[in-house]
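As provided, final.pdb (PDB, C-alpha atoms) reads as follows.
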```pdb
MODEL        1
ATOM      1  CA  MET J   1     -31.155  32.744 -15.458
ATOM      2  CA  PRO J   2     -27.896  34.509 -16.503
ATOM      3  CA  VAL J   3     -28.502  37.091 -13.756
ATOM      4  CA  LEU J   4     -28.898  34.340 -11.137
ATOM      5  CA  PHE J   5     -25.706  32.640 -12.353
ATOM      6  CA  PHE J   6     -23.841  35.963 -12.114
ATOM      7  CA  LEU J   7     -25.081  36.512  -8.563
ATOM      8  CA  ILE J   8     -23.948  33.026  -7.537
ATOM      9  CA  LEU J   9     -20.468  33.685  -8.928
ATOM     10  CA  LEU J  10     -20.350  37.055  -7.159
ATOM     11  CA  VAL J  11     -21.296  35.566  -3.786
ATOM     12  CA  TYR J  12     -18.771  32.760  -4.228
ATOM     13  CA  GLY J  13     -16.024  35.254  -5.080
ATOM     14  CA  LEU J  14     -16.796  37.349  -2.010
ATOM     15  CA  ALA J  15     -16.736  34.249   0.199
ATOM     16  CA  VAL J  16     -13.357  33.148  -1.117
ATOM     17  CA  GLY J  17     -11.969  36.631  -0.674
ATOM     18  CA  LEU J  18     -13.216  36.770   2.920
ATOM     19  CA  ARG J  19     -11.718  33.363   3.654
ATOM     20  CA  ASP J  20      -8.301  34.418   2.371
ATOM     21  CA  MET J  21      -8.479  37.693   4.296
ATOM     22  CA  LEU J  22      -9.258  35.839   7.526
ATOM     23  CA  ASP J  23      -6.496  33.300   6.935
ATOM     24  CA  GLN J  24      -3.551  35.246   8.346
ATOM     25  CA  THR J  25      -1.048  32.813   6.853
ATOM     26  CA  GLY J  26      -2.157  33.572   3.306
ATOM     27  CA  ALA J  27      -2.156  31.371   0.237
ATOM     28  CA  ARG J  28       0.589  31.262  -2.321
ATOM     29  CA  PRO J  29       1.107  29.669  -5.752
ATOM     30  CA  LEU J  30       2.079  26.023  -6.104
ATOM     31  CA  GLY J  31       5.803  25.535  -5.731
ATOM     32  CA  GLU J  32       6.619  28.975  -4.346
ATOM     33  CA  SER J  33       9.394  28.476  -1.795
ATOM     34  CA  THR J  34       8.771  29.797   1.696
ATOM     35  CA  GLY J  35      10.478  29.416   5.053
ATOM     36  CA  PHE J  36       8.917  27.985   8.184
ATOM     37  CA  ALA J  37      10.817  29.979  10.802
ATOM     38  CA  ASP J  38       7.797  32.271  11.248
ATOM     39  CA  PHE J  39       5.822  29.311  12.638
ATOM     40  CA  THR J  40       8.043  28.846  15.698
ATOM     41  CA  ASN J  41       5.647  30.915  17.826
ATOM     42  CA  LEU J  42       3.169  28.028  17.532
ATOM     43  CA  LYS J  43       5.070  25.970  20.078
ATOM     44  CA  ASP J  44       3.389  27.616  23.053
ATOM     45  CA  SER J  45      -0.016  27.895  21.399
ATOM     46  CA  PHE J  46      -1.225  24.320  20.970
ATOM     47  CA  ASP J  47      -1.229  20.926  22.659
ATOM     48  CA  GLU J  48       2.138  19.642  21.531
ATOM     49  CA  PRO J  49       4.758  16.894  21.764
ATOM     50  CA  ARG J  50       7.641  17.421  24.160
ATOM     51  CA  GLY J  51      11.057  18.650  23.050
ATOM     52  CA  PRO J  52      12.364  21.306  20.667
ATOM     53  CA  ALA J  53      10.195  22.323  17.740
ATOM     54  CA  LEU J  54      11.384  21.348  14.254
ATOM     55  CA  PHE J  55      10.311  24.351  12.207
ATOM     56  CA  ASP J  56      13.988  25.054  11.451
ATOM     57  CA  MET J  57      14.865  21.494  10.362
ATOM     58  CA  GLN J  58      16.746  21.098   7.074
ATOM     59  CA  ARG J  59      14.380  19.606   4.483
ATOM     60  CA  ASP J  60      16.501  18.596   1.496
ATOM     61  CA  HIS J  61      14.936  16.851  -1.479
ATOM     62  CA  VAL J  62      17.012  13.778  -2.291
ATOM     63  CA  GLY J  63      16.610  10.774  -4.576
ATOM     64  CA  ASN J  64      14.311  10.252  -7.543
ATOM     65  CA  VAL J  65      10.901   9.875  -5.870
ATOM     66  CA  PRO J  66       8.860  13.080  -6.384
ATOM     67  CA  TYR J  67       8.010  15.377  -3.497
ATOM     68  CA  GLY J  68       4.551  16.928  -3.287
ATOM     69  CA  GLY J  69       3.234  17.119  -6.838
ATOM     70  CA  THR J  70       0.035  15.192  -7.470
ATOM     71  CA  GLY J  71       0.836  12.267  -5.189
ATOM     72  CA  ILE J  72       2.048   8.675  -5.665
ATOM     73  CA  PHE J  73      -0.555   6.030  -6.503
ATOM     74  CA  GLU J  74       1.336   2.868  -7.417
ATOM     75  CA  CYS J  75       4.636   1.068  -7.076
ATOM     76  CA  THR J  76       7.440   1.175  -9.614
ATOM     77  CA  ASN J  77       8.201  -2.539  -9.686
ATOM     78  CA  PRO J  78       5.780  -5.136 -11.119
ATOM     79  CA  GLY J  79       5.121  -7.999  -8.738
ATOM     80  CA  GLN J  80       5.499  -5.856  -5.632
ATOM     81  CA  VAL J  81       2.596  -4.755  -3.462
ATOM     82  CA  ALA J  82       2.847  -2.099  -0.759
ATOM     83  CA  LEU J  83       0.405  -2.790   2.054
ATOM     84  CA  THR J  84      -0.210   0.431   3.969
ATOM     85  CA  PHE J  85      -1.968   0.963   7.293
ATOM     86  CA  ASP J  86      -3.343   4.316   8.492
ATOM     87  CA  ASP J  87      -4.212   5.924  11.848
ATOM     88  CA  GLY J  88      -2.311   3.632  14.239
ATOM     89  CA  PRO J  89      -0.645   2.308  16.168
ATOM     90  CA  TRP J  90      -3.343   0.641  18.225
ATOM     91  CA  GLU J  91      -4.049  -2.585  20.070
ATOM     92  CA  TYR J  92      -4.381  -4.590  16.834
ATOM     93  CA  THR J  93      -1.117  -3.397  15.253
ATOM     94  CA  GLU J  94       1.068  -6.087  16.835
ATOM     95  CA  GLU J  95      -1.204  -8.832  15.482
ATOM     96  CA  ILE J  96      -0.585  -7.435  11.995
ATOM     97  CA  LEU J  97       3.177  -7.392  12.581
ATOM     98  CA  ASP J  98       3.101 -11.042  13.601
ATOM     99  CA  GLU J  99       1.144 -12.001  10.496
ATOM    100  CA  LEU J 100       3.625 -10.134   8.270
ATOM    101  CA  ASP J 101       6.501 -11.971   9.957
ATOM    102  CA  LYS J 102       5.051 -15.331   8.928
ATOM    103  CA  TYR J 103       5.767 -14.459   5.284
ATOM    104  CA  ASN J 104       8.778 -12.198   5.869
ATOM    105  CA  PHE J 105       6.704  -9.414   4.286
ATOM    106  CA  LYS J 106       7.074  -5.718   5.105
ATOM    107  CA  ALA J 107       4.505  -2.917   5.254
ATOM    108  CA  THR J 108       4.244   0.840   5.703
ATOM    109  CA  PHE J 109       2.415   2.403   8.633
ATOM    110  CA  PHE J 110       1.142   5.983   8.370
ATOM    111  CA  ILE J 111       1.164   7.205  11.956
ATOM    112  CA  THR J 112      -1.276   9.669  13.514
ATOM    113  CA  GLY J 113       0.608  11.062  16.487
ATOM    114  CA  ASN J 114      -2.241  12.372  18.617
ATOM    115  CA  ASN J 115      -5.239  10.305  17.601
ATOM    116  CA  LEU J 116      -8.103  12.054  19.370
ATOM    117  CA  PHE J 117     -10.563   9.307  18.439
ATOM    118  CA  LEU J 118      -8.388   6.731  20.229
ATOM    119  CA  GLY J 119      -7.378   9.062  23.057
ATOM    120  CA  ARG J 120      -3.677   8.351  22.800
ATOM    121  CA  GLN J 121      -0.415  10.159  21.987
ATOM    122  CA  ILE J 122       2.457   8.162  20.511
ATOM    123  CA  ASP J 123       5.335   9.694  22.506
ATOM    124  CA  ASP J 124       3.840   9.097  25.956
ATOM    125  CA  GLU J 125       6.363   6.679  27.455
ATOM    126  CA  GLY J 126       3.807   5.642  30.055
ATOM    127  CA  THR J 127       1.852   3.865  27.312
ATOM    128  CA  PRO J 128       2.668   0.887  25.056
ATOM    129  CA  TRP J 129       2.912   2.966  21.859
ATOM    130  CA  PRO J 130       6.532   4.217  21.882
ATOM    131  CA  ALA J 131       7.914   0.716  22.424
ATOM    132  CA  LEU J 132       5.575  -0.690  19.768
ATOM    133  CA  LEU J 133       6.673   1.900  17.211
ATOM    134  CA  ARG J 134      10.328   1.136  17.908
ATOM    135  CA  GLU J 135       9.578  -2.563  17.458
ATOM    136  CA  MET J 136       7.843  -1.873  14.135
ATOM    137  CA  HIS J 137      10.929   0.002  12.964
ATOM    138  CA  ARG J 138      13.256  -2.722  14.268
ATOM    139  CA  ARG J 139      11.372  -5.353  12.260
ATOM    140  CA  GLY J 140      12.021  -3.414   9.054
ATOM    141  CA  HIS J 141       8.654  -1.802   8.473
ATOM    142  CA  GLN J 142       8.465   1.756   7.212
ATOM    143  CA  LEU J 143       6.981   4.436   9.473
ATOM    144  CA  ALA J 144       5.477   7.477   7.775
ATOM    145  CA  SER J 145       3.396  10.497   8.758
ATOM    146  CA  HIS J 146      -0.402  10.758   8.806
ATOM    147  CA  SER J 147      -0.525  14.148  10.599
ATOM    148  CA  TRP J 148      -0.735  15.024  14.271
ATOM    149  CA  THR J 149      -4.512  15.013  14.897
ATOM    150  CA  HIS J 150      -5.935  13.819  11.547
ATOM    151  CA  GLN J 151      -7.377  17.140  10.402
ATOM    152  CA  HIS J 152      -8.641  17.844   6.898
ATOM    153  CA  LEU J 153      -5.548  19.763   5.784
ATOM    154  CA  ASP J 154      -7.476  21.660   3.102
ATOM    155  CA  ARG J 155      -9.967  22.988   5.676
ATOM    156  CA  VAL J 156      -7.470  24.572   8.053
ATOM    157  CA  ASN J 157      -5.301  27.616   7.490
ATOM    158  CA  ARG J 158      -1.650  27.321   6.655
ATOM    159  CA  THR J 159      -0.497  27.831  10.239
ATOM    160  CA  GLU J 160      -2.563  24.883  11.431
ATOM    161  CA  ARG J 161      -1.546  22.763   8.437
ATOM    162  CA  VAL J 162       2.173  23.226   9.119
ATOM    163  CA  ARG J 163       1.603  22.495  12.802
ATOM    164  CA  GLU J 164      -0.174  19.213  11.932
ATOM    165  CA  VAL J 165       2.946  18.092  10.056
ATOM    166  CA  VAL J 166       5.667  19.430  12.333
ATOM    167  CA  TYR J 167       4.107  18.257  15.604
ATOM    168  CA  ASN J 168       3.895  14.736  14.228
ATOM    169  CA  GLU J 169       7.568  14.990  13.294
ATOM    170  CA  MET J 170       8.417  16.003  16.854
ATOM    171  CA  ALA J 171       6.544  13.056  18.351
ATOM    172  CA  LEU J 172       8.128  10.563  15.942
ATOM    173  CA  ARG J 173      11.563  12.041  16.663
ATOM    174  CA  ASN J 174      10.932  11.537  20.378
ATOM    175  CA  VAL J 175      10.035   7.891  19.815
ATOM    176  CA  LEU J 176      12.559   6.875  17.157
ATOM    177  CA  GLY J 177      15.638   8.420  18.699
ATOM    178  CA  GLY J 178      16.142  11.180  16.162
ATOM    179  CA  LEU J 179      14.443  10.077  12.926
ATOM    180  CA  VAL J 180      11.736  11.968  11.054
ATOM    181  CA  PRO J 181       9.903  10.386   8.085
ATOM    182  CA  THR J 182       9.982  11.802   4.575
ATOM    183  CA  TYR J 183       6.810   9.975   3.463
ATOM    184  CA  ALA J 184       3.297  11.107   4.337
ATOM    185  CA  ARG J 185      -0.341  10.435   3.562
ATOM    186  CA  LEU J 186      -2.984  13.129   3.821
ATOM    187  CA  PRO J 187      -5.758  12.503   6.350
ATOM    188  CA  TYR J 188      -8.806  11.208   4.487
ATOM    189  CA  GLY J 189      -6.593  11.009   1.392
ATOM    190  CA  GLY J 190      -7.031  14.684   0.596
ATOM    191  CA  PRO J 191      -8.283  16.554  -1.265
ATOM    192  CA  ARG J 192      -4.890  17.291  -2.755
ATOM    193  CA  THR J 193      -5.326  21.019  -3.272
ATOM    194  CA  ARG J 194      -2.583  23.223  -4.707
ATOM    195  CA  ASP J 195      -1.785  24.801  -1.349
ATOM    196  CA  VAL J 196      -1.793  21.524   0.581
ATOM    197  CA  MET J 197       0.512  19.790  -1.879
ATOM    198  CA  ALA J 198       2.800  22.814  -2.124
ATOM    199  CA  ASP J 199       3.177  22.891   1.656
ATOM    200  CA  LEU J 200       3.925  19.152   1.793
ATOM    201  CA  GLU J 201       6.517  19.615  -0.944
ATOM    202  CA  ASP J 202       8.139  22.530   0.900
ATOM    203  CA  LEU J 203       8.147  20.460   4.082
ATOM    204  CA  GLY J 204      10.004  17.700   2.226
ATOM    205  CA  TYR J 205       7.393  14.948   1.885
ATOM    206  CA  HIS J 206       6.585  12.281  -0.673
ATOM    207  CA  VAL J 207       2.771  12.161  -0.620
ATOM    208  CA  VAL J 208       1.478   8.596  -0.928
ATOM    209  CA  GLN J 209      -2.055   7.773  -2.041
ATOM    210  CA  TRP J 210      -3.265   4.289  -3.076
ATOM    211  CA  SER J 211      -4.497   2.274  -6.032
ATOM    212  CA  VAL J 212      -6.564  -0.216  -3.992
ATOM    213  CA  ASP J 213      -8.885   0.898  -1.185
ATOM    214  CA  THR J 214     -10.046  -2.132   0.801
ATOM    215  CA  LYS J 215     -12.667   0.015   2.557
ATOM    216  CA  ASP J 216     -11.975  -1.907   5.752
ATOM    217  CA  TYR J 217     -13.160   1.140   7.702
ATOM    218  CA  LEU J 218     -16.676   0.399   6.398
ATOM    219  CA  HIS J 219     -16.535  -3.355   6.942
ATOM    220  CA  ASN J 220     -15.182  -3.749  10.463
ATOM    221  CA  SER J 221     -17.270  -6.739  11.518
ATOM    222  CA  GLU J 222     -17.053 -10.496  11.207
ATOM    223  CA  ASP J 223     -19.952 -10.513   8.771
ATOM    224  CA  ARG J 224     -18.775  -7.719   6.488
ATOM    225  CA  ILE J 225     -14.957  -7.875   6.408
ATOM    226  CA  ARG J 226     -15.144 -10.382   3.537
ATOM    227  CA  GLU J 227     -16.359  -7.491   1.390
ATOM    228  CA  SER J 228     -12.958  -5.859   1.866
ATOM    229  CA  LEU J 229     -11.183  -9.080   0.929
ATOM    230  CA  ALA J 230     -13.325  -9.315  -2.214
ATOM    231  CA  ILE J 231     -12.212  -5.799  -3.211
ATOM    232  CA  PHE J 232      -8.579  -6.783  -2.711
ATOM    233  CA  ASP J 233      -8.987 -10.115  -4.519
ATOM    234  CA  GLU J 234     -10.604  -8.492  -7.545
ATOM    235  CA  ALA J 235      -7.961  -5.763  -7.718
ATOM    236  CA  ILE J 236      -4.813  -7.892  -7.537
ATOM    237  CA  GLY J 237      -6.296 -10.475  -9.887
ATOM    238  CA  ARG J 238      -6.289  -8.021 -12.784
ATOM    239  CA  ALA J 239      -2.566  -8.167 -13.561
ATOM    240  CA  GLY J 240      -1.790 -11.861 -13.126
ATOM    241  CA  GLY J 241       0.999 -11.363 -10.596
ATOM    242  CA  ASP J 242       2.542  -8.328 -12.305
ATOM    243  CA  GLY J 243       0.572  -5.576 -10.568
ATOM    244  CA  LYS J 244       2.165  -2.607  -8.786
ATOM    245  CA  TYR J 245      -0.438  -1.893  -6.119
ATOM    246  CA  ILE J 246      -0.428   0.381  -3.097
ATOM    247  CA  VAL J 247      -3.161  -0.934  -0.794
ATOM    248  CA  LEU J 248      -5.025   1.101   1.831
ATOM    249  CA  CYS J 249      -5.952  -0.524   5.161
ATOM    250  CA  HIS J 250      -6.246   0.589   8.798
ATOM    251  CA  ASP J 251      -4.461  -1.088  11.692
ATOM    252  CA  ILE J 252      -6.929   0.368  14.199
ATOM    253  CA  ARG J 253      -9.681  -1.989  12.924
ATOM    254  CA  GLU J 254     -10.126  -5.292  14.729
ATOM    255  CA  TRP J 255     -11.323  -7.323  11.772
ATOM    256  CA  THR J 256      -8.592  -5.961   9.551
ATOM    257  CA  ALA J 257      -6.085  -7.584  11.902
ATOM    258  CA  ARG J 258      -8.063 -10.731  12.653
ATOM    259  CA  TYR J 259      -9.268 -11.658   9.172
ATOM    260  CA  LEU J 260      -8.352  -9.292   6.339
ATOM    261  CA  VAL J 261      -4.579  -9.162   6.801
ATOM    262  CA  PRO J 262      -4.023 -12.941   7.142
ATOM    263  CA  ALA J 263      -6.221 -13.562   4.100
ATOM    264  CA  MET J 264      -4.508 -10.881   2.005
ATOM    265  CA  LEU J 265      -1.044 -12.181   2.853
ATOM    266  CA  GLU J 266      -1.980 -15.740   1.935
ATOM    267  CA  MET J 267      -3.461 -14.489  -1.332
ATOM    268  CA  LEU J 268      -0.341 -12.480  -2.183
ATOM    269  CA  ALA J 269       1.954 -15.415  -1.469
ATOM    270  CA  ASP J 270      -0.194 -17.812  -3.516
ATOM    271  CA  ARG J 271      -0.104 -15.457  -6.500
ATOM    272  CA  GLY J 272       3.620 -14.818  -6.364
ATOM    273  CA  TYR J 273       3.542 -11.251  -5.067
ATOM    274  CA  GLU J 274       6.044  -9.760  -2.646
ATOM    275  CA  ALA J 275       4.735  -7.355  -0.007
ATOM    276  CA  VAL J 276       7.276  -4.585   0.604
ATOM    277  CA  THR J 277       7.417  -1.073   2.034
ATOM    278  CA  VAL J 278       6.358   1.893  -0.063
ATOM    279  CA  GLY J 279       9.947   3.113  -0.163
ATOM    280  CA  GLU J 280      11.196  -0.215  -1.500
ATOM    281  CA  CYS J 281       8.448  -0.517  -4.083
ATOM    282  CA  LEU J 282       9.477   2.924  -5.404
ATOM    283  CA  ASP J 283      13.178   1.961  -5.547
ATOM    284  CA  ASP J 284      13.975   4.618  -2.958
ATOM    285  CA  PRO J 285      17.053   3.769  -0.830
ATOM    286  CA  SER J 286      16.098   3.203   2.800
ATOM    287  CA  GLU J 287      18.408   6.000   3.981
ATOM    288  CA  PHE J 288      16.057   8.433   2.202
ATOM    289  CA  TRP J 289      12.930   7.308   4.109
ATOM    290  CA  TYR J 290      13.871   9.441   7.123
ATOM    291  CA  ARG J 291      15.790  12.638   7.794
ATOM    292  CA  ASP J 292      17.899  13.776  10.745
ATOM    293  CA  PRO J 293      16.032  16.414  12.786
ATOM    294  CA  ASP J 294      19.293  17.704  14.251
ATOM    295  CA  VAL J 295      20.394  19.093  10.868
ATOM    296  CA  LYS J 296      19.205  22.702  10.892
ATOM    297  CA  LYS J 297      18.809  25.113   8.045
ATOM    298  CA  ASP J 298      20.848  28.283   7.797
ATOM    299  CA  GLY J 299      18.219  31.001   8.073
ATOM    300  CA  GLU J 300      14.912  30.482   6.321
ATOM    301  CA  TYR J 301      14.594  27.238   4.424
ATOM    302  CA  LEU J 302      14.477  27.663   0.662
ATOM    303  CA  ARG J 303      14.571  24.540  -1.447
TER
ENDMDL
END
```

Could I get this structure in the form of structure tokens?
Amino acid sequence: MPVLFFLILLVYGLAVGLRDMLDQTGARPLGESTGFADFTNLKDSFDEPRGPALFDMQRDHVGNVPYGGTGIFECTNPGQVALTFDDGPWEYTEEILDELDKYNFKATFFITGNNLFLGRQIDDEGTPWPALLREMHRRGHQLASHSWTHQHLDRVNRTERVREVVYNEMALRNVLGGLVPTYARLPYGGPRTRDVMADLEDLGYHVVQWSVDTKDYLHNSEDRIRESLAIFDEAIGRAGGDGKYIVLCHDIREWTARYLVPAMLEMLADRGYEAVTVGECLDDPSEFWYRDPDVKKDGEYLR
């Protein structure tokens, strides 16, 4: 038995070594500062948003909300709930905006720029999505990053991981007239490996997780969506109106828009909660939710 265990460890070690050798970008310890200028050659190598690449954008860390690290799971302020929506925008997003308006509540939308499952790219001005994103921003909702094509960031090499972040920045810059978000959520929520979180920190992102998963992606039907509401009801009932929840939903799901969101908003209002953006629930000034892509670093970026 000890011999078998030793052989398993040996094979695993060889596999990891081969993986790192094949990954031309290399791994590096958590928190080690590196520049991103060497990734500029990616611009002609992949399907990409239009306009200049942003690998040389200045990525200052400002304010008191942590960058990278282990992620953010709850709000700072009791009585505030941050409703968050992943993977959009899509045809149901505007219904959610209208429901939020009824209560003067705000939400945070984690945007996937080139959602291959939906077959759409957010900065294509021949589609409804750029105008919808600008309307979301105009109404006071927070727009954040959910990667370019929703890859597992721990399963790709560092070159591809940086591209997933920067290409989404480029598309959002194209849509929002020169704003790039400083908040992000990992596709599939992780895993939050050392290398992934270190890269997100170096790229200047607050990484937002959640404390309540409605699992609406499993319950997208008229019969089953009540299961998601039951999860939400049970979760926010624990703290008697003083909870600090970050709630995961998806605005690409029909029954999230048609049933779950209206019911959640009514429940929050009845229990005295205020639905706000993630930035607000963390006491982060709104001017820190985005950065100016036209501010360039001087040489390689070192934080």

What lies within 9 Å of Val276 of chain J using all atoms listed in the file, ignoring chain neighbours under 3 positions off, as an mmCIF file with C-alpha atoms, keeping the file's coordinate frame?
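Writing the result to around19.cif gives the following:
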```cif
data_model
loop_
_atom_site.group_PDB
_atom_site.id
_atom_site.type_symbol
_atom_site.label_atom_id
_atom_site.label_comp_id
_atom_site.auth_asym_id
_atom_site.auth_seq_id
_atom_site.Cartn_x
_atom_site.Cartn_y
_atom_site.Cartn_z
ATOM 1 C CA GLN J 80 5.499 -5.856 -5.632
ATOM 2 C CA VAL J 81 2.596 -4.755 -3.462
ATOM 3 C CA ALA J 82 2.847 -2.099 -0.759
ATOM 4 C CA LEU J 83 0.405 -2.790 2.054
ATOM 5 C CA PHE J 105 6.704 -9.414 4.286
ATOM 6 C CA LYS J 106 7.074 -5.718 5.105
ATOM 7 C CA ALA J 107 4.505 -2.917 5.254
ATOM 8 C CA THR J 108 4.244 0.840 5.703
ATOM 9 C CA HIS J 141 8.654 -1.802 8.473
ATOM 10 C CA GLY J 279 9.947 3.113 -0.163
ATOM 11 C CA GLU J 280 11.196 -0.215 -1.500
ATOM 12 C CA CYS J 281 8.448 -0.517 -4.083
#
```

**Length of the atom CA of Pro49 of chain J to atom CA of Ala171 of chain J vector [Å]** = 5.4 Å

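Relative to atom CA of Glu125 of chain J, atom CA of Glu95 of chain J is found at 21.0 Å.
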
**Item:** Exercise: segment 210-220 of chain J partners within 12 Å, only C-alpha atoms, chain neighbours under 4 positions left out, as a PyMOL selection string
**Value:** chain J and resi 71-75+81-87+185-186+188-190+224-238+243-261+264+278

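Across the model, the gap from atom CA of Leu100 of chain J to atom CA of Ser286 of chain J is 19.1 Å.
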
**Request:** Kindly indicate which residue among J:Glu135, J:Glu266, J:Asp195, J:Asp292 lies nearest to Glu99 of chain J, using only C-alpha atoms for the distances.
**Result:** J:Glu266

**Prompt:** Can you list, as a ChimeraX atom specification, the residues that the PyMOL selection byres ((chain J and resi 201) around 12) selects here?
**Reply:** /J:30-34,59-61,65-71,162,165,182-184,192,194-200,202-207,302-303

Serialized selection, C-alpha atoms, as a PDB file, in the coordinates of the input:
```pdb
ATOM      1  CA  LEU J  30       2.079  26.023  -6.104  1.00  0.00           C
ATOM      2  CA  GLY J  31       5.803  25.535  -5.731  1.00  0.00           C
ATOM      3  CA  GLU J  32       6.619  28.975  -4.346  1.00  0.00           C
ATOM      4  CA  SER J  33       9.394  28.476  -1.795  1.00  0.00           C
ATOM      5  CA  THR J  34       8.771  29.797   1.696  1.00  0.00           C
ATOM      6  CA  ARG J  59      14.380  19.606   4.483  1.00  0.00           C
ATOM      7  CA  ASP J  60      16.501  18.596   1.496  1.00  0.00           C
ATOM      8  CA  HIS J  61      14.936  16.851  -1.479  1.00  0.00           C
ATOM      9  CA  VAL J  65      10.901   9.875  -5.870  1.00  0.00           C
ATOM     10  CA  PRO J  66       8.860  13.080  -6.384  1.00  0.00           C
ATOM     11  CA  TYR J  67       8.010  15.377  -3.497  1.00  0.00           C
ATOM     12  CA  GLY J  68       4.551  16.928  -3.287  1.00  0.00           C
ATOM     13  CA  GLY J  69       3.234  17.119  -6.838  1.00  0.00           C
ATOM     14  CA  THR J  70       0.035  15.192  -7.470  1.00  0.00           C
ATOM     15  CA  GLY J  71       0.836  12.267  -5.189  1.00  0.00           C
ATOM     16  CA  VAL J 162       2.173  23.226   9.119  1.00  0.00           C
ATOM     17  CA  VAL J 165       2.946  18.092  10.056  1.00  0.00           C
ATOM     18  CA  THR J 182       9.982  11.802   4.575  1.00  0.00           C
ATOM     19  CA  TYR J 183       6.810   9.975   3.463  1.00  0.00           C
ATOM     20  CA  ALA J 184       3.297  11.107   4.337  1.00  0.00           C
ATOM     21  CA  ARG J 192      -4.890  17.291  -2.755  1.00  0.00           C
ATOM     22  CA  ARG J 194      -2.583  23.223  -4.707  1.00  0.00           C
ATOM     23  CA  ASP J 195      -1.785  24.801  -1.349  1.00  0.00           C
ATOM     24  CA  VAL J 196      -1.793  21.524   0.581  1.00  0.00           C
ATOM     25  CA  MET J 197       0.512  19.790  -1.879  1.00  0.00           C
ATOM     26  CA  ALA J 198       2.800  22.814  -2.124  1.00  0.00           C
ATOM     27  CA  ASP J 199       3.177  22.891   1.656  1.00  0.00           C
ATOM     28  CA  LEU J 200       3.925  19.152   1.793  1.00  0.00           C
ATOM     29  CA  ASP J 202       8.139  22.530   0.900  1.00  0.00           C
ATOM     30  CA  LEU J 203       8.147  20.460   4.082  1.00  0.00           C
ATOM     31  CA  GLY J 204      10.004  17.700   2.226  1.00  0.00           C
ATOM     32  CA  TYR J 205       7.393  14.948   1.885  1.00  0.00           C
ATOM     33  CA  HIS J 206       6.585  12.281  -0.673  1.00  0.00           C
ATOM     34  CA  VAL J 207       2.771  12.161  -0.620  1.00  0.00           C
ATOM     35  CA  LEU J 302      14.477  27.663   0.662  1.00  0.00           C
ATOM     36  CA  ARG J 303      14.571  24.540  -1.447  1.00  0.00           C
TER      37      ARG J 303
END
```

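Note on the selection: in this file the PyMOL selection byres ((chain J and resi 124) around 12) comes out as Glu48, Pro49, Arg50, Gly113, Asn114, Gly119, Arg120, Gln121, Ile122, Asp123, Glu125, Gly126, Thr127, Pro128, Trp129, Pro130, Ala131, Leu132, Leu133, Ala171, Leu172, Asn174 and Val175 of chain J.
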
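Among J:Asn64, J:Gln151, J:Asn77, J:Thr277, the residue with the shortest atom-to-atom distance to Asn115 of chain J, counting all atoms listed in the file, is J:Gln151.
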
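Of the residues listed (J:Asp56, J:Pro191, J:Met136, J:Phe110), J:Pro191 shows the shortest atom-to-atom separation from His152 of chain J; distances use all atoms listed in the file.
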
9 Å contact set for Val166 of chain J, only C-alpha atoms, chain neighbours under 4 positions out, as a short mmCIF file (atom, residue, chain, number, x, y, z; two decimals) with C-alpha atoms, in the frame of the given file:
```
data_model
loop_
_atom_site.label_atom_id
_atom_site.label_comp_id
_atom_site.auth_asym_id
_atom_site.auth_seq_id
_atom_site.Cartn_x
_atom_site.Cartn_y
_atom_site.Cartn_z
CA ALA J 53 10.20 22.32 17.74
CA LEU J 54 11.38 21.35 14.25
CA PHE J 55 10.31 24.35 12.21
CA SER J 147 -0.52 14.15 10.60
CA TRP J 148 -0.74 15.02 14.27
CA ARG J 161 -1.55 22.76 8.44
CA VAL J 162 2.17 23.23 9.12
CA MET J 170 8.42 16.00 16.85
CA ALA J 171 6.54 13.06 18.35
CA LEU J 203 8.15 20.46 4.08
#
```

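Using only C-alpha atoms, the nearest neighbour of Pro89 of chain J within the list J:Arg173, J:Lys297, J:Arg134, J:Arg291 is J:Arg134.
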
Let me have the centre and edge lengths of the axis-aligned box enclosing all listed atoms of segment 278-295 of chain J with 6 Å padding on every side, in Å to one decimal, as JSON.
```
{"center_x": 13.4, "center_y": 9.3, "center_z": 4.4, "size_x": 26.0, "size_y": 31.6, "size_z": 31.8}
```

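Using all atoms listed in the file, the nearest neighbour of Glu160 of chain J within the list J:Tyr290, J:Arg139, J:Ser145, J:Asp47 is J:Asp47.
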
Atom completion result for segment 240-244 of chain J (N, CA, C and O atoms) as a CSV table (one decimal), in the coordinates of the input:
```
chain,number,residue,atom,x,y,z
J,240,GLY,N,-2.4,-10.6,-13.1
J,240,GLY,CA,-1.8,-11.9,-13.1
J,240,GLY,C,-0.4,-11.9,-12.5
J,240,GLY,O,0.5,-12.6,-13.0
J,241,GLY,N,-0.3,-11.3,-11.3
J,241,GLY,CA,1.0,-11.4,-10.6
J,241,GLY,C,2.0,-10.3,-10.9
J,241,GLY,O,3.1,-10.2,-10.4
J,242,ASP,N,1.6,-9.4,-11.9
J,242,ASP,CA,2.5,-8.3,-12.3
J,242,ASP,C,2.1,-6.9,-11.9
J,242,ASP,O,2.5,-5.9,-12.4
J,243,GLY,N,1.1,-6.9,-11.0
J,243,GLY,CA,0.6,-5.6,-10.6
J,243,GLY,C,1.6,-4.8,-9.7
J,243,GLY,O,2.6,-5.3,-9.3
J,244,LYS,N,1.3,-3.5,-9.5
J,244,LYS,CA,2.2,-2.6,-8.8
J,244,LYS,C,1.3,-1.8,-7.8
J,244,LYS,O,1.3,-0.6,-7.8
```
